[in-house]
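Structure file my_file.txt (compact mmCIF, C-alpha atoms and all ligand atoms) follows.
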```
# COMPACT_ATOMS: atom_id res chain seq x y z
CA MET A 1 0.00 0.00 0.00
CA GLU A 2 1.34 3.42 -0.94
CA SER A 3 1.62 5.68 2.02
CA ILE A 4 -0.68 8.67 2.10
CA THR A 5 1.07 12.03 2.28
CA PRO A 6 -0.19 15.60 1.98
CA ARG A 7 1.58 15.74 -1.36
CA ASN A 8 -0.10 12.75 -2.96
CA ILE A 9 -3.52 13.87 -1.69
CA ARG A 10 -2.91 17.30 -3.16
CA ASP A 11 -1.74 15.83 -6.47
CA THR A 12 -4.77 13.57 -6.79
CA ALA A 13 -7.12 16.33 -5.66
CA SER A 14 -5.74 18.84 -8.16
CA ARG A 15 -7.21 16.77 -11.01
CA TYR A 16 -10.66 17.96 -10.02
CA THR A 17 -10.11 21.65 -9.31
CA GLU A 18 -11.92 22.83 -12.44
CA ASP A 19 -14.71 20.28 -12.08
CA THR A 20 -15.32 21.30 -8.47
CA ILE A 21 -15.67 24.95 -9.47
CA ARG A 22 -18.07 23.97 -12.24
CA ILE A 23 -20.16 21.82 -9.88
CA ARG A 24 -20.30 24.51 -7.23
CA ARG A 25 -21.37 27.10 -9.82
CA HIS A 26 -24.14 24.79 -11.01
CA LEU A 27 -25.38 24.39 -7.44
CA HIS A 28 -25.06 28.13 -6.85
CA ALA A 29 -27.16 28.95 -9.91
CA ASN A 30 -29.86 26.45 -8.92
CA PRO A 31 -30.51 26.90 -5.20
CA GLU A 32 -33.42 25.22 -3.41
CA LEU A 33 -34.95 25.96 -0.03
CA SER A 34 -34.82 23.65 3.00
CA PHE A 35 -36.77 20.37 2.62
CA GLN A 36 -37.25 21.14 -1.12
CA GLU A 37 -33.81 20.09 -2.41
CA LYS A 38 -35.20 17.73 -5.06
CA GLU A 39 -33.11 18.81 -8.07
CA THR A 40 -30.03 19.31 -5.92
CA ALA A 41 -30.34 15.71 -4.73
CA GLU A 42 -30.87 14.45 -8.30
CA TYR A 43 -27.78 16.33 -9.44
CA ILE A 44 -25.64 14.91 -6.61
CA SER A 45 -26.91 11.42 -7.31
CA SER A 46 -26.23 11.68 -11.05
CA LEU A 47 -22.63 12.74 -10.43
CA LEU A 48 -22.04 9.94 -7.92
CA HIS A 49 -23.55 7.53 -10.42
CA ASP A 50 -21.23 8.79 -13.22
CA TRP A 51 -18.24 8.31 -10.95
CA GLY A 52 -19.29 4.81 -9.92
CA ILE A 53 -19.76 5.67 -6.25
CA PRO A 54 -22.45 3.57 -4.54
CA HIS A 55 -25.05 5.63 -2.71
CA ARG A 56 -28.58 5.66 -1.32
CA THR A 57 -31.04 8.45 -2.07
CA GLY A 58 -34.19 9.51 -0.21
CA GLU A 59 -32.43 9.45 3.17
CA GLY A 60 -33.54 11.48 6.13
CA ASP A 61 -36.78 13.32 5.57
CA GLY A 62 -36.69 13.15 1.80
CA HIS A 63 -33.70 14.44 -0.12
CA GLY A 64 -30.71 13.14 1.84
CA ILE A 65 -28.02 11.06 0.14
CA VAL A 66 -25.54 8.69 1.72
CA ALA A 67 -22.52 7.57 -0.32
CA GLU A 68 -19.85 5.13 0.77
CA ILE A 69 -16.30 4.61 -0.36
CA SER A 70 -14.60 1.56 1.05
CA GLY A 71 -10.88 0.94 1.06
CA THR A 72 -9.23 -2.42 0.48
CA GLY A 73 -9.06 -3.69 4.04
CA GLN A 74 -11.34 -3.91 7.06
CA GLY A 75 -11.49 -0.86 9.24
CA PRO A 76 -13.76 1.63 10.95
CA THR A 77 -16.16 4.03 9.25
CA VAL A 78 -15.63 7.78 9.33
CA ALA A 79 -18.43 10.14 8.23
CA LEU A 80 -18.08 13.41 6.31
CA ARG A 81 -21.09 15.69 6.15
CA ALA A 82 -22.24 18.50 3.84
CA ASP A 83 -25.51 20.44 3.92
CA MET A 84 -27.22 21.37 0.66
CA ASP A 85 -30.08 23.85 1.20
CA ALA A 86 -30.25 27.55 0.31
CA LEU A 87 -31.90 30.63 1.87
CA PRO A 88 -34.88 32.88 1.04
CA ILE A 89 -32.67 35.80 -0.04
CA ARG A 90 -32.61 37.67 -3.36
CA GLU A 91 -29.06 37.45 -4.69
CA GLU A 92 -27.30 40.73 -5.49
CA THR A 93 -23.76 39.58 -6.28
CA GLY A 94 -23.97 40.26 -10.01
CA LEU A 95 -22.05 37.01 -10.64
CA GLU A 96 -22.46 35.34 -14.04
CA TYR A 97 -23.58 32.18 -12.23
CA ALA A 98 -25.90 34.00 -9.80
CA SER A 99 -29.14 32.32 -8.70
CA ARG A 100 -31.65 31.53 -11.44
CA ASN A 101 -34.25 30.85 -8.80
CA PRO A 102 -35.66 34.29 -7.85
CA GLY A 103 -35.64 35.01 -4.14
CA VAL A 104 -33.55 31.95 -3.29
CA MET A 105 -29.79 32.08 -2.81
CA HIS A 106 -26.88 29.97 -1.62
CA ALA A 107 -25.88 32.69 0.83
CA CYS A 108 -24.45 30.34 3.47
CA GLY A 109 -21.99 28.39 1.34
CA HIS A 110 -23.89 25.11 1.32
CA ASP A 111 -23.13 24.94 -2.43
CA PHE A 112 -19.45 25.04 -1.43
CA HIS A 113 -19.95 22.31 1.18
CA THR A 114 -21.78 20.02 -1.26
CA ALA A 115 -19.30 20.54 -4.11
CA SER A 116 -16.42 19.88 -1.68
CA LEU A 117 -17.93 16.66 -0.40
CA LEU A 118 -18.63 15.44 -3.94
CA SER A 119 -15.01 15.99 -4.95
CA ALA A 120 -13.78 14.47 -1.69
CA ALA A 121 -15.80 11.34 -2.53
CA ARG A 122 -14.33 11.29 -6.01
CA VAL A 123 -10.74 11.57 -4.77
CA LEU A 124 -11.37 8.86 -2.15
CA LYS A 125 -12.69 6.58 -4.88
CA ASP A 126 -9.52 7.14 -6.92
CA ILE A 127 -7.27 6.21 -4.02
CA SER A 128 -9.43 3.52 -2.44
CA GLY A 129 -6.61 1.04 -2.99
CA GLN A 130 -4.50 2.97 -0.52
CA PHE A 131 -6.58 2.83 2.66
CA SER A 132 -8.50 0.48 4.92
CA GLY A 133 -11.95 1.18 6.30
CA THR A 134 -14.87 3.19 4.94
CA VAL A 135 -15.70 6.84 4.43
CA ARG A 136 -19.44 7.57 4.55
CA CYS A 137 -20.44 10.86 2.88
CA LEU A 138 -23.65 12.45 4.17
CA PHE A 139 -25.37 14.95 1.90
CA GLN A 140 -27.88 16.43 4.31
CA PRO A 141 -30.90 18.55 3.42
CA ALA A 142 -32.51 21.35 5.43
CA GLU A 143 -29.84 22.67 7.74
CA GLU A 144 -31.38 26.15 7.72
CA LYS A 145 -34.82 25.30 9.02
CA ILE A 146 -35.97 23.96 12.36
CA PRO A 147 -36.30 20.99 13.07
CA GLY A 148 -33.25 20.55 10.78
CA GLY A 149 -32.40 17.77 8.34
CA ALA A 150 -29.86 16.14 10.65
CA VAL A 151 -32.61 14.74 12.89
CA GLY A 152 -34.15 12.71 10.07
CA MET A 153 -30.75 11.52 8.85
CA ILE A 154 -29.88 10.20 12.32
CA ARG A 155 -33.30 8.56 12.65
CA HIS A 156 -32.60 6.74 9.38
CA GLY A 157 -29.43 5.32 10.89
CA VAL A 158 -26.77 7.22 8.96
CA LEU A 159 -24.49 7.14 12.00
CA ASP A 160 -24.79 3.37 12.55
CA GLY A 161 -21.30 1.93 12.79
CA VAL A 162 -19.65 5.35 12.41
CA SER A 163 -16.73 6.13 14.74
CA CYS A 164 -16.63 9.90 14.20
CA ILE A 165 -18.12 12.64 12.03
CA ILE A 166 -16.44 15.63 10.44
CA GLY A 167 -18.12 18.68 8.86
CA GLN A 168 -16.93 21.99 7.48
CA HIS A 169 -18.52 25.42 7.14
CA VAL A 170 -17.38 28.40 5.10
CA ASN A 171 -16.17 31.42 7.05
CA PRO A 172 -15.83 34.77 5.22
CA GLU A 173 -13.82 36.20 8.11
CA LEU A 174 -10.94 33.84 7.31
CA PRO A 175 -8.89 34.11 4.09
CA ALA A 176 -9.02 31.31 1.51
CA GLY A 177 -6.43 28.64 2.23
CA THR A 178 -6.98 28.71 6.00
CA ALA A 179 -9.05 26.61 8.40
CA GLY A 180 -10.31 27.39 11.92
CA PHE A 181 -10.92 25.09 14.89
CA ARG A 182 -12.54 25.19 18.31
CA GLU A 183 -12.35 22.40 20.86
CA GLY A 184 -15.47 21.88 23.00
CA LEU A 185 -18.41 24.32 22.95
CA PHE A 186 -18.43 26.09 19.61
CA MET A 187 -21.96 27.17 18.69
CA ALA A 188 -25.23 27.99 20.47
CA SER A 189 -28.59 26.30 20.84
CA VAL A 190 -31.40 28.02 18.98
CA ASP A 191 -35.12 28.31 19.68
CA ASP A 192 -37.69 30.35 17.74
CA VAL A 193 -40.04 32.43 19.88
CA PHE A 194 -43.42 33.67 18.63
CA LEU A 195 -45.63 35.98 20.69
CA THR A 196 -49.18 37.05 19.89
CA VAL A 197 -50.29 39.99 22.02
CA LYS A 198 -54.05 40.44 21.92
CA GLY A 199 -55.71 43.70 22.95
CA ARG A 200 -58.73 45.56 21.61
CA GLY A 201 -58.31 47.92 18.69
CA GLY A 202 -59.98 51.23 18.07
CA HIS A 203 -59.42 54.89 17.24
CA GLY A 204 -55.97 56.21 18.13
CA ALA A 205 -57.60 59.30 19.62
CA LYS A 206 -59.47 57.24 22.22
CA PRO A 207 -56.82 55.02 23.84
CA HIS A 208 -58.75 54.83 27.12
CA GLN A 209 -61.58 53.01 25.33
CA ASN A 210 -59.23 50.45 23.73
CA LEU A 211 -56.59 48.04 24.96
CA ASP A 212 -53.40 48.85 23.11
CA PRO A 213 -51.44 45.72 22.07
CA VAL A 214 -48.59 47.82 20.64
CA VAL A 215 -47.67 49.42 23.95
CA THR A 216 -48.09 46.05 25.68
CA ALA A 217 -45.86 44.28 23.14
CA ALA A 218 -43.24 47.02 23.43
CA GLN A 219 -43.17 46.55 27.21
CA ILE A 220 -42.85 42.79 26.78
CA VAL A 221 -39.85 43.18 24.45
CA VAL A 222 -38.10 45.41 26.98
CA ALA A 223 -39.05 43.23 29.96
CA LEU A 224 -37.77 40.08 28.22
CA GLN A 225 -34.30 41.61 27.94
CA GLN A 226 -34.10 41.32 31.74
CA ILE A 227 -33.77 37.58 31.21
CA VAL A 228 -30.45 38.23 29.50
CA SER A 229 -29.26 40.96 31.88
CA ARG A 230 -30.75 39.79 35.23
CA ASN A 231 -31.58 36.07 35.09
CA ALA A 232 -28.59 34.79 33.14
CA ASP A 233 -25.31 34.23 34.92
CA PRO A 234 -23.13 37.07 33.55
CA LEU A 235 -20.62 34.44 32.42
CA GLN A 236 -23.32 32.48 30.59
CA ALA A 237 -23.43 33.29 26.86
CA THR A 238 -27.02 34.07 25.92
CA VAL A 239 -28.98 36.20 23.47
CA LEU A 240 -32.63 37.04 22.83
CA SER A 241 -33.35 39.10 19.70
CA PHE A 242 -36.71 40.02 18.21
CA GLY A 243 -36.45 40.73 14.49
CA ARG A 244 -40.14 40.91 13.69
CA PHE A 245 -42.73 43.17 15.31
CA ILE A 246 -45.97 43.41 13.34
CA ALA A 247 -48.76 45.74 14.48
CA ASP A 248 -50.89 46.37 11.45
CA GLY A 249 -52.90 49.40 12.43
CA ALA A 250 -52.40 52.92 11.07
CA THR A 251 -51.42 56.37 12.35
CA ASN A 252 -54.83 56.73 13.94
CA ILE A 253 -55.87 53.10 14.33
CA ILE A 254 -54.88 50.94 17.28
CA PRO A 255 -54.85 47.32 16.00
CA ASP A 256 -56.34 44.32 17.78
CA GLN A 257 -53.07 42.49 18.08
CA ALA A 258 -49.29 42.63 17.72
CA LEU A 259 -47.06 39.76 16.58
CA LEU A 260 -43.46 39.29 17.62
CA SER A 261 -40.91 36.76 16.39
CA GLY A 262 -37.48 36.26 17.86
CA THR A 263 -34.57 33.94 18.44
CA PHE A 264 -33.23 32.68 21.75
CA ARG A 265 -29.70 31.27 21.89
CA ALA A 266 -27.60 29.80 24.67
CA MET A 267 -24.71 27.44 25.38
CA ASN A 268 -26.10 25.49 28.32
CA GLU A 269 -29.13 23.16 28.33
CA GLU A 270 -30.17 23.79 31.93
CA TRP A 271 -30.10 27.55 31.46
CA ARG A 272 -31.86 27.16 28.11
CA ASP A 273 -34.82 25.39 29.77
CA LEU A 274 -35.02 27.95 32.55
CA ALA A 275 -34.83 30.90 30.14
CA LEU A 276 -37.61 29.49 27.94
CA THR A 277 -39.80 29.19 31.04
CA ARG A 278 -38.98 32.80 31.96
CA ILE A 279 -39.94 33.95 28.44
CA ARG A 280 -43.38 32.43 28.96
CA GLU A 281 -43.80 33.80 32.49
CA ILE A 282 -42.69 37.35 31.74
CA SER A 283 -44.66 37.67 28.48
CA ASP A 284 -47.78 36.40 30.17
CA GLY A 285 -47.22 38.46 33.34
CA VAL A 286 -46.61 41.79 31.58
CA ALA A 287 -49.58 41.28 29.27
CA ARG A 288 -51.90 40.48 32.20
CA ALA A 289 -50.63 43.44 34.20
CA LEU A 290 -51.72 45.68 31.34
CA GLY A 291 -55.02 43.90 30.85
CA ALA A 292 -54.01 42.22 27.60
CA ASP A 293 -53.40 38.62 26.68
CA CYS A 294 -50.24 37.03 25.28
CA THR A 295 -49.83 33.58 23.77
CA VAL A 296 -46.30 32.24 23.54
CA GLU A 297 -45.22 29.62 21.05
CA ILE A 298 -41.69 28.28 21.28
CA ARG A 299 -40.28 26.08 18.54
CA ARG A 300 -37.38 24.27 20.04
CA GLY A 301 -34.44 24.16 17.67
CA TYR A 302 -30.92 22.78 17.66
CA PRO A 303 -28.85 22.11 20.77
CA ALA A 304 -25.51 23.82 21.36
CA LEU A 305 -22.72 22.39 19.22
CA GLU A 306 -19.95 20.79 21.20
CA ASN A 307 -16.90 19.57 19.32
CA ASP A 308 -15.19 16.48 20.66
CA PRO A 309 -11.96 17.85 22.17
CA GLY A 310 -9.77 14.85 21.26
CA LEU A 311 -10.95 14.58 17.66
CA THR A 312 -10.72 18.36 17.15
CA GLU A 313 -7.19 18.46 18.51
CA ARG A 314 -6.16 15.63 16.20
CA LEU A 315 -7.69 17.32 13.15
CA ARG A 316 -6.13 20.63 14.10
CA SER A 317 -2.67 19.07 14.02
CA ASP A 318 -3.54 17.24 10.78
CA ALA A 319 -4.46 20.64 9.31
CA HIS A 320 -1.12 21.99 10.49
CA ARG A 321 0.65 19.31 8.52
CA PHE A 322 -1.54 19.73 5.45
CA LEU A 323 -1.90 23.52 5.23
CA GLY A 324 1.06 24.81 7.25
CA ALA A 325 0.99 26.33 10.72
CA ASP A 326 0.11 29.87 9.53
CA ALA A 327 -3.06 28.63 7.90
CA VAL A 328 -4.53 27.08 11.06
CA ARG A 329 -6.59 29.41 13.25
CA THR A 330 -8.31 29.11 16.61
CA LEU A 331 -11.92 30.25 16.54
CA PRO A 332 -13.84 31.82 19.41
CA PRO A 333 -17.23 30.29 20.25
CA ALA A 334 -20.11 32.23 18.64
CA MET A 335 -23.90 32.36 18.85
CA TRP A 336 -24.48 30.87 15.42
CA ALA A 337 -26.39 27.59 15.45
CA GLU A 338 -26.03 24.43 13.36
CA ASP A 339 -27.88 21.15 13.24
CA PHE A 340 -24.49 19.39 13.01
CA ALA A 341 -24.85 19.67 16.81
CA TYR A 342 -27.18 16.63 16.73
CA TYR A 343 -24.49 14.41 15.24
CA CYS A 344 -22.05 15.59 17.93
CA ARG A 345 -24.47 14.42 20.61
CA GLU A 346 -24.44 10.88 19.18
CA ILE A 347 -20.78 10.29 18.35
CA PRO A 348 -17.49 12.26 18.52
CA GLY A 349 -17.77 15.10 16.01
CA CYS A 350 -15.72 18.00 14.74
CA PHE A 351 -17.23 20.97 12.94
CA TYR A 352 -14.54 23.32 11.65
CA ASN A 353 -14.44 26.43 9.47
CA ILE A 354 -12.82 26.88 6.11
CA GLY A 355 -11.69 30.36 5.03
CA VAL A 356 -13.36 31.68 1.87
CA ALA A 357 -12.51 35.41 1.85
CA GLU A 358 -10.43 36.81 -0.97
CA PRO A 359 -7.13 37.56 0.80
CA ASN A 360 -7.24 41.25 -0.19
CA ARG A 361 -10.93 41.58 0.80
CA CYS A 362 -10.99 39.91 4.19
CA PRO A 363 -13.40 39.85 5.92
CA GLY A 364 -15.73 39.38 2.97
CA ALA A 365 -19.52 39.93 2.96
CA ALA A 366 -21.20 38.01 5.78
CA VAL A 367 -23.14 34.77 5.32
CA HIS A 368 -26.93 35.19 5.02
CA THR A 369 -26.54 38.46 3.07
CA SER A 370 -27.41 39.13 -0.59
CA GLY A 371 -23.81 40.04 -1.42
CA PHE A 372 -22.19 36.91 0.05
CA ARG A 373 -19.52 35.43 -2.22
CA ILE A 374 -16.49 33.21 -1.89
CA ASP A 375 -12.98 33.01 -3.28
CA GLU A 376 -13.24 29.89 -5.42
CA SER A 377 -9.61 28.99 -4.76
CA ALA A 378 -10.84 27.89 -1.32
CA LEU A 379 -12.68 24.95 -2.92
CA GLY A 380 -9.44 23.06 -3.56
CA THR A 381 -8.54 23.35 0.12
CA GLY A 382 -12.11 22.44 1.05
CA TYR A 383 -12.22 18.96 -0.41
CA ALA A 384 -8.56 18.01 -0.15
CA LEU A 385 -8.62 18.75 3.58
CA MET A 386 -11.73 16.58 4.07
CA VAL A 387 -10.01 13.68 2.32
CA TRP A 388 -6.89 14.17 4.41
CA PHE A 389 -8.87 14.28 7.67
CA ALA A 390 -10.87 11.15 6.87
CA LEU A 391 -7.77 9.19 5.92
CA GLN A 392 -5.80 10.33 8.96
CA GLU A 393 -8.61 9.20 11.25
CA LEU A 394 -8.86 5.82 9.47
CA THR A 395 -5.10 5.34 9.67
CA ARG A 396 -5.00 6.16 13.37
CA ALA A 397 -7.90 3.81 14.07
CA SER A 398 -6.21 0.95 12.24
CA GLN A 399 -3.01 1.51 14.24
CA ASN A 400 -4.82 1.30 17.58
NI NI B 1 -24.75 27.38 6.88
```
Turn this file's structure into structure tokens for me.
Amino acid sequence: MESITPRNIRDTASRYTEDTIRIRRHLHANPELSFQEKETAEYISSLLHDWGIPHRTGEGDGHGIVAEISGTGQGPTVALRADMDALPIREETGLEYASRNPGVMHACGHDFHTASLLSAARVLKDISGQFSGTVRCLFQPAEEKIPGGAVGMIRHGVLDGVSCIIGQHVNPELPAGTAGFREGLFMASVDDVFLTVKGRGGHGAKPHQNLDPVVTAAQIVVALQQIVSRNADPLQATVLSFGRFIADGATNIIPDQALLSGTFRAMNEEWRDLALTRIREISDGVARALGADCTVEIRRGYPALENDPGLTERLRSDAHRFLGADAVRTLPPAMWAEDFAYYCREIPGCFYNIGVAEPNRCPGAAVHTSGFRIDESALGTGYALMVWFALQELTRASQN
């Protein structure tokens, strides 16, 4: 068996640089929303089919795909994961391969993740004579929408027999050619909060004859911030943001109700449960005090993402060897959320970041914005690094 070195991975990977760019551009031009990734899944499947890579379609809650590449000898199974859904954003990049699907955009790099995993699978197939064990590639739908596609994938048994799982996410705050790591707690839990404040509408000139839901809702928003500033341990990362406040009256019309939607994020399950209870109690209490009524709906989302410290440390030093010490960064935890967190609760997992900013325009436009774009040179790093990580883990496992 030939030994696997960074150089021979890079050499094999470089065959597919152009193809990977082409694939990613195709995905970028044809984005689909969460749980609707039908054509994306068909495209992935047709490529895997052309390359002779065995795979199952219809995994998870509809459009998931699981591909497997086995080496020559017995060994463990390592999983690589990519998400494939896009966002309800109108693209404004002006790129020649910009979205052809109006109002839908790959603004979170999931096109990059999918193209990378496809090329990683292709490289692994080419060198399958050089390793023992199996690499399972998970193409997961619906990362962007609660309850998240990962839940269905796990329910369908995609982690059965898997020793660890590795996933990457683009980061426009890191330059192309770099990768970032965080051992332990990395990302927050997320819950969607919906409040309906019911009052009694009427003429704006006669407030004493009505029950104003706008003033009540405004007080609730302010009161709920006390959860963050007074109930949370000051050392406990937590955020509550309301991005939607709908009160559809007019200058002189007090409406019957006001609607609020927000996001609650935390890094600790016990605190999360307590805070969600406080959201209910305070919303209800403030509304009652003012004579109004408030219904609270909470859609529980993803748990906090905790990287396995041992696995993450190993991959960090693998990245050192593959990319050079300067290209390996340490990331701070942040209040983003990711359904990769579910995999990490089942088996050791590592979710790392891959730099995609053009080196002279770093940081680039943020993810989830209409101007988000990547430096395509990062794609080569994206899939070669995944191959390298998977093979290093398989090699270590076979030596133990
Ligand atoms: Ni994303």
Set the cut-off to 10 Å, count all atoms listed in the file, and list whatever residues fall near ligand NI 1 (chain B) as a PDB file with C-alpha atoms, keeping the file's coordinate frame.
```
ATOM      1  CA  ALA A  82     -22.240  18.500   3.840  1.00  0.00           C
ATOM      2  CA  ASP A  83     -25.510  20.440   3.920  1.00  0.00           C
ATOM      3  CA  MET A  84     -27.220  21.370   0.660  1.00  0.00           C
ATOM      4  CA  ASP A  85     -30.080  23.850   1.200  1.00  0.00           C
ATOM      5  CA  ALA A  86     -30.250  27.550   0.310  1.00  0.00           C
ATOM      6  CA  LEU A  87     -31.900  30.630   1.870  1.00  0.00           C
ATOM      7  CA  HIS A 106     -26.880  29.970  -1.620  1.00  0.00           C
ATOM      8  CA  ALA A 107     -25.880  32.690   0.830  1.00  0.00           C
ATOM      9  CA  CYS A 108     -24.450  30.340   3.470  1.00  0.00           C
ATOM     10  CA  GLY A 109     -21.990  28.390   1.340  1.00  0.00           C
ATOM     11  CA  HIS A 110     -23.890  25.110   1.320  1.00  0.00           C
ATOM     12  CA  ASP A 111     -23.130  24.940  -2.430  1.00  0.00           C
ATOM     13  CA  HIS A 113     -19.950  22.310   1.180  1.00  0.00           C
ATOM     14  CA  ALA A 142     -32.510  21.350   5.430  1.00  0.00           C
ATOM     15  CA  GLU A 143     -29.840  22.670   7.740  1.00  0.00           C
ATOM     16  CA  GLU A 144     -31.380  26.150   7.720  1.00  0.00           C
ATOM     17  CA  GLN A 168     -16.930  21.990   7.480  1.00  0.00           C
ATOM     18  CA  HIS A 169     -18.520  25.420   7.140  1.00  0.00           C
ATOM     19  CA  VAL A 170     -17.380  28.400   5.100  1.00  0.00           C
ATOM     20  CA  ASN A 171     -16.170  31.420   7.050  1.00  0.00           C
ATOM     21  CA  TRP A 336     -24.480  30.870  15.420  1.00  0.00           C
ATOM     22  CA  ALA A 337     -26.390  27.590  15.450  1.00  0.00           C
ATOM     23  CA  GLU A 338     -26.030  24.430  13.360  1.00  0.00           C
ATOM     24  CA  ASP A 339     -27.880  21.150  13.240  1.00  0.00           C
ATOM     25  CA  VAL A 367     -23.140  34.770   5.320  1.00  0.00           C
ATOM     26  CA  HIS A 368     -26.930  35.190   5.020  1.00  0.00           C
TER      27      HIS A 368
END
```
Practice problem: Report the distance between CA of Ser3 in chain A and CA of Gln399 in chain A in Å, rounded to one decimal place. | Solution: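 Separation between CA of Ser3 in chain A and CA of Gln399 in chain A: 13.7 Å.
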Env of range 373-378 of chain A: 7 Å cut, atoms = only C-alpha atoms, seq-sep filter 4 positions within chain, self excluded. Answer as a PDB file with C-alpha atoms, in the coordinates of the input.
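Generated output (selection-v1.pdb):
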```pdb
ATOM      1  CA  ILE A  21     -15.670  24.950  -9.470  1.00  0.00           C
ATOM      2  CA  ALA A 176      -9.020  31.310   1.510  1.00  0.00           C
ATOM      3  CA  GLY A 177      -6.430  28.640   2.230  1.00  0.00           C
ATOM      4  CA  GLY A 355     -11.690  30.360   5.030  1.00  0.00           C
ATOM      5  CA  VAL A 356     -13.360  31.680   1.870  1.00  0.00           C
ATOM      6  CA  ALA A 357     -12.510  35.410   1.850  1.00  0.00           C
ATOM      7  CA  GLU A 358     -10.430  36.810  -0.970  1.00  0.00           C
ATOM      8  CA  ALA A 365     -19.520  39.930   2.960  1.00  0.00           C
ATOM      9  CA  GLY A 382     -12.110  22.440   1.050  1.00  0.00           C
TER      10      GLY A 382
END
```
Give the padded box for range 384-388 of chain A as JSON: axis-aligned, covering all atoms listed in the file, 4 Å on each side, centre and edge lengths in Å to one decimal.
```
{"center_x": -9.3, "center_y": 16.2, "center_z": 2.1, "size_x": 12.8, "size_y": 13.1, "size_z": 12.6}
```
Exercise. Please identify all polymer residues within 9 Å of Phe35 in chain A, counting all atoms listed in the file, omitting same-chain residues fewer than 6 positions from it, and present them as a list in words.
Key: Asp61, Gly62, His63, Asp85, Pro141, Ala142, Glu143, Lys145, Gly148 and Gly149 of chain A
Pull C-alpha atoms from the residues just selected and write them as a PDB file, in the coordinates of the input.
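Result file follows (result.pdb):
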```pdb
ATOM      1  CA  ASP A  61     -36.780  13.320   5.570  1.00  0.00           C
ATOM      2  CA  GLY A  62     -36.690  13.150   1.800  1.00  0.00           C
ATOM      3  CA  HIS A  63     -33.700  14.440  -0.120  1.00  0.00           C
ATOM      4  CA  ASP A  85     -30.080  23.850   1.200  1.00  0.00           C
ATOM      5  CA  PRO A 141     -30.900  18.550   3.420  1.00  0.00           C
ATOM      6  CA  ALA A 142     -32.510  21.350   5.430  1.00  0.00           C
ATOM      7  CA  GLU A 143     -29.840  22.670   7.740  1.00  0.00           C
ATOM      8  CA  LYS A 145     -34.820  25.300   9.020  1.00  0.00           C
ATOM      9  CA  GLY A 148     -33.250  20.550  10.780  1.00  0.00           C
ATOM     10  CA  GLY A 149     -32.400  17.770   8.340  1.00  0.00           C
TER      11      GLY A 149
END
```
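Among the candidate residues A:Met187, A:Glu59, A:Ile254, A:Glu32, the one lying nearest to Gly202 in chain A is A:Ile254, with distances computed using all atoms listed in the file.
Comparing A:Ile69, A:Ala319, A:Phe372, A:Ala247 by their smallest distance to His28 in chain A, the closest is A:Phe372 (using all atoms listed in the file).
Proximity ranking of A:Gln36, A:Ser398, A:Ser45, A:Thr12 relative to Ala120 in chain A places A:Thr12 first, based on all atoms listed in the file.
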Quiz item: Which one is closest to Pro6 in chain A: A:Glu18, A:Asp326, A:Glu313, A:Asp318? Count only C-alpha atoms.
Solution: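 That would be A:Asp318, the residue with the smallest distance to Pro6 in chain A.
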Self-check item: Pick from A:Val135, A:Ala121, A:Ile9, A:Leu174, whichever lies nearest to Pro363 in chain A using all atoms listed in the file
Solution: A:Leu174
Quiz prompt | Length of the CA of Ile165 in chain A to CA of Phe351 in chain A vector [Å] | solution = 8.4 Å
Exercise. Fewer than 4 positions away in the same chain doesn't count, so skip those; otherwise give me all residues within 8 Å of Phe186 in chain A, counting only C-alpha atoms, as a ChimeraX atom specification.
Key: /A:182,304-307,332-334
Using C-alpha atoms, can you export the residues from the last selection as a PDB file, keeping the file's coordinate frame?
```pdb
ATOM      1  CA  ARG A 182     -12.540  25.190  18.310  1.00  0.00           C
ATOM      2  CA  ALA A 304     -25.510  23.820  21.360  1.00  0.00           C
ATOM      3  CA  LEU A 305     -22.720  22.390  19.220  1.00  0.00           C
ATOM      4  CA  GLU A 306     -19.950  20.790  21.200  1.00  0.00           C
ATOM      5  CA  ASN A 307     -16.900  19.570  19.320  1.00  0.00           C
ATOM      6  CA  PRO A 332     -13.840  31.820  19.410  1.00  0.00           C
ATOM      7  CA  PRO A 333     -17.230  30.290  20.250  1.00  0.00           C
ATOM      8  CA  ALA A 334     -20.110  32.230  18.640  1.00  0.00           C
TER       9      ALA A 334
END
```
Quiz item: With distances taken over only C-alpha atoms, which of A:Arg136, A:Arg272, A:Arg280, A:Arg7 is nearest to Gly161 in chain A?
Solution: A:Arg136
Quiz item: What lies within 12 Å of Thr238 in chain A using all atoms listed in the file, ignoring chain neighbours under 4 positions off, as an NGL selection string?
Solution: :A and (187-191 or 225-234 or 263-269 or 271-272 or 275-276 or 304 or 333-336)
Quiz prompt | Computed interatomic separation between CA of Cys137 in chain A and CA of Trp51 in chain A (Å) | solution = 14.2 Å
Contacts of Cys294 in chain A at 9 Å or less, counting all atoms listed in the file, minus same-chain residues fewer than 5 places along, as an mmCIF file with C-alpha atoms, in the frame of the given file?
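Saved file around_28.cif follows:
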```
data_model
loop_
_atom_site.group_PDB
_atom_site.id
_atom_site.type_symbol
_atom_site.label_atom_id
_atom_site.label_comp_id
_atom_site.auth_asym_id
_atom_site.auth_seq_id
_atom_site.Cartn_x
_atom_site.Cartn_y
_atom_site.Cartn_z
ATOM 1 C CA LEU A 195 -45.630 35.980 20.690
ATOM 2 C CA THR A 196 -49.180 37.050 19.890
ATOM 3 C CA VAL A 197 -50.290 39.990 22.020
ATOM 4 C CA LYS A 198 -54.050 40.440 21.920
ATOM 5 C CA GLY A 199 -55.710 43.700 22.950
ATOM 6 C CA ALA A 217 -45.860 44.280 23.140
ATOM 7 C CA SER A 283 -44.660 37.670 28.480
ATOM 8 C CA ASP A 284 -47.780 36.400 30.170
ATOM 9 C CA GLY A 285 -47.220 38.460 33.340
ATOM 10 C CA VAL A 286 -46.610 41.790 31.580
ATOM 11 C CA ALA A 287 -49.580 41.280 29.270
ATOM 12 C CA ARG A 288 -51.900 40.480 32.200
#
```
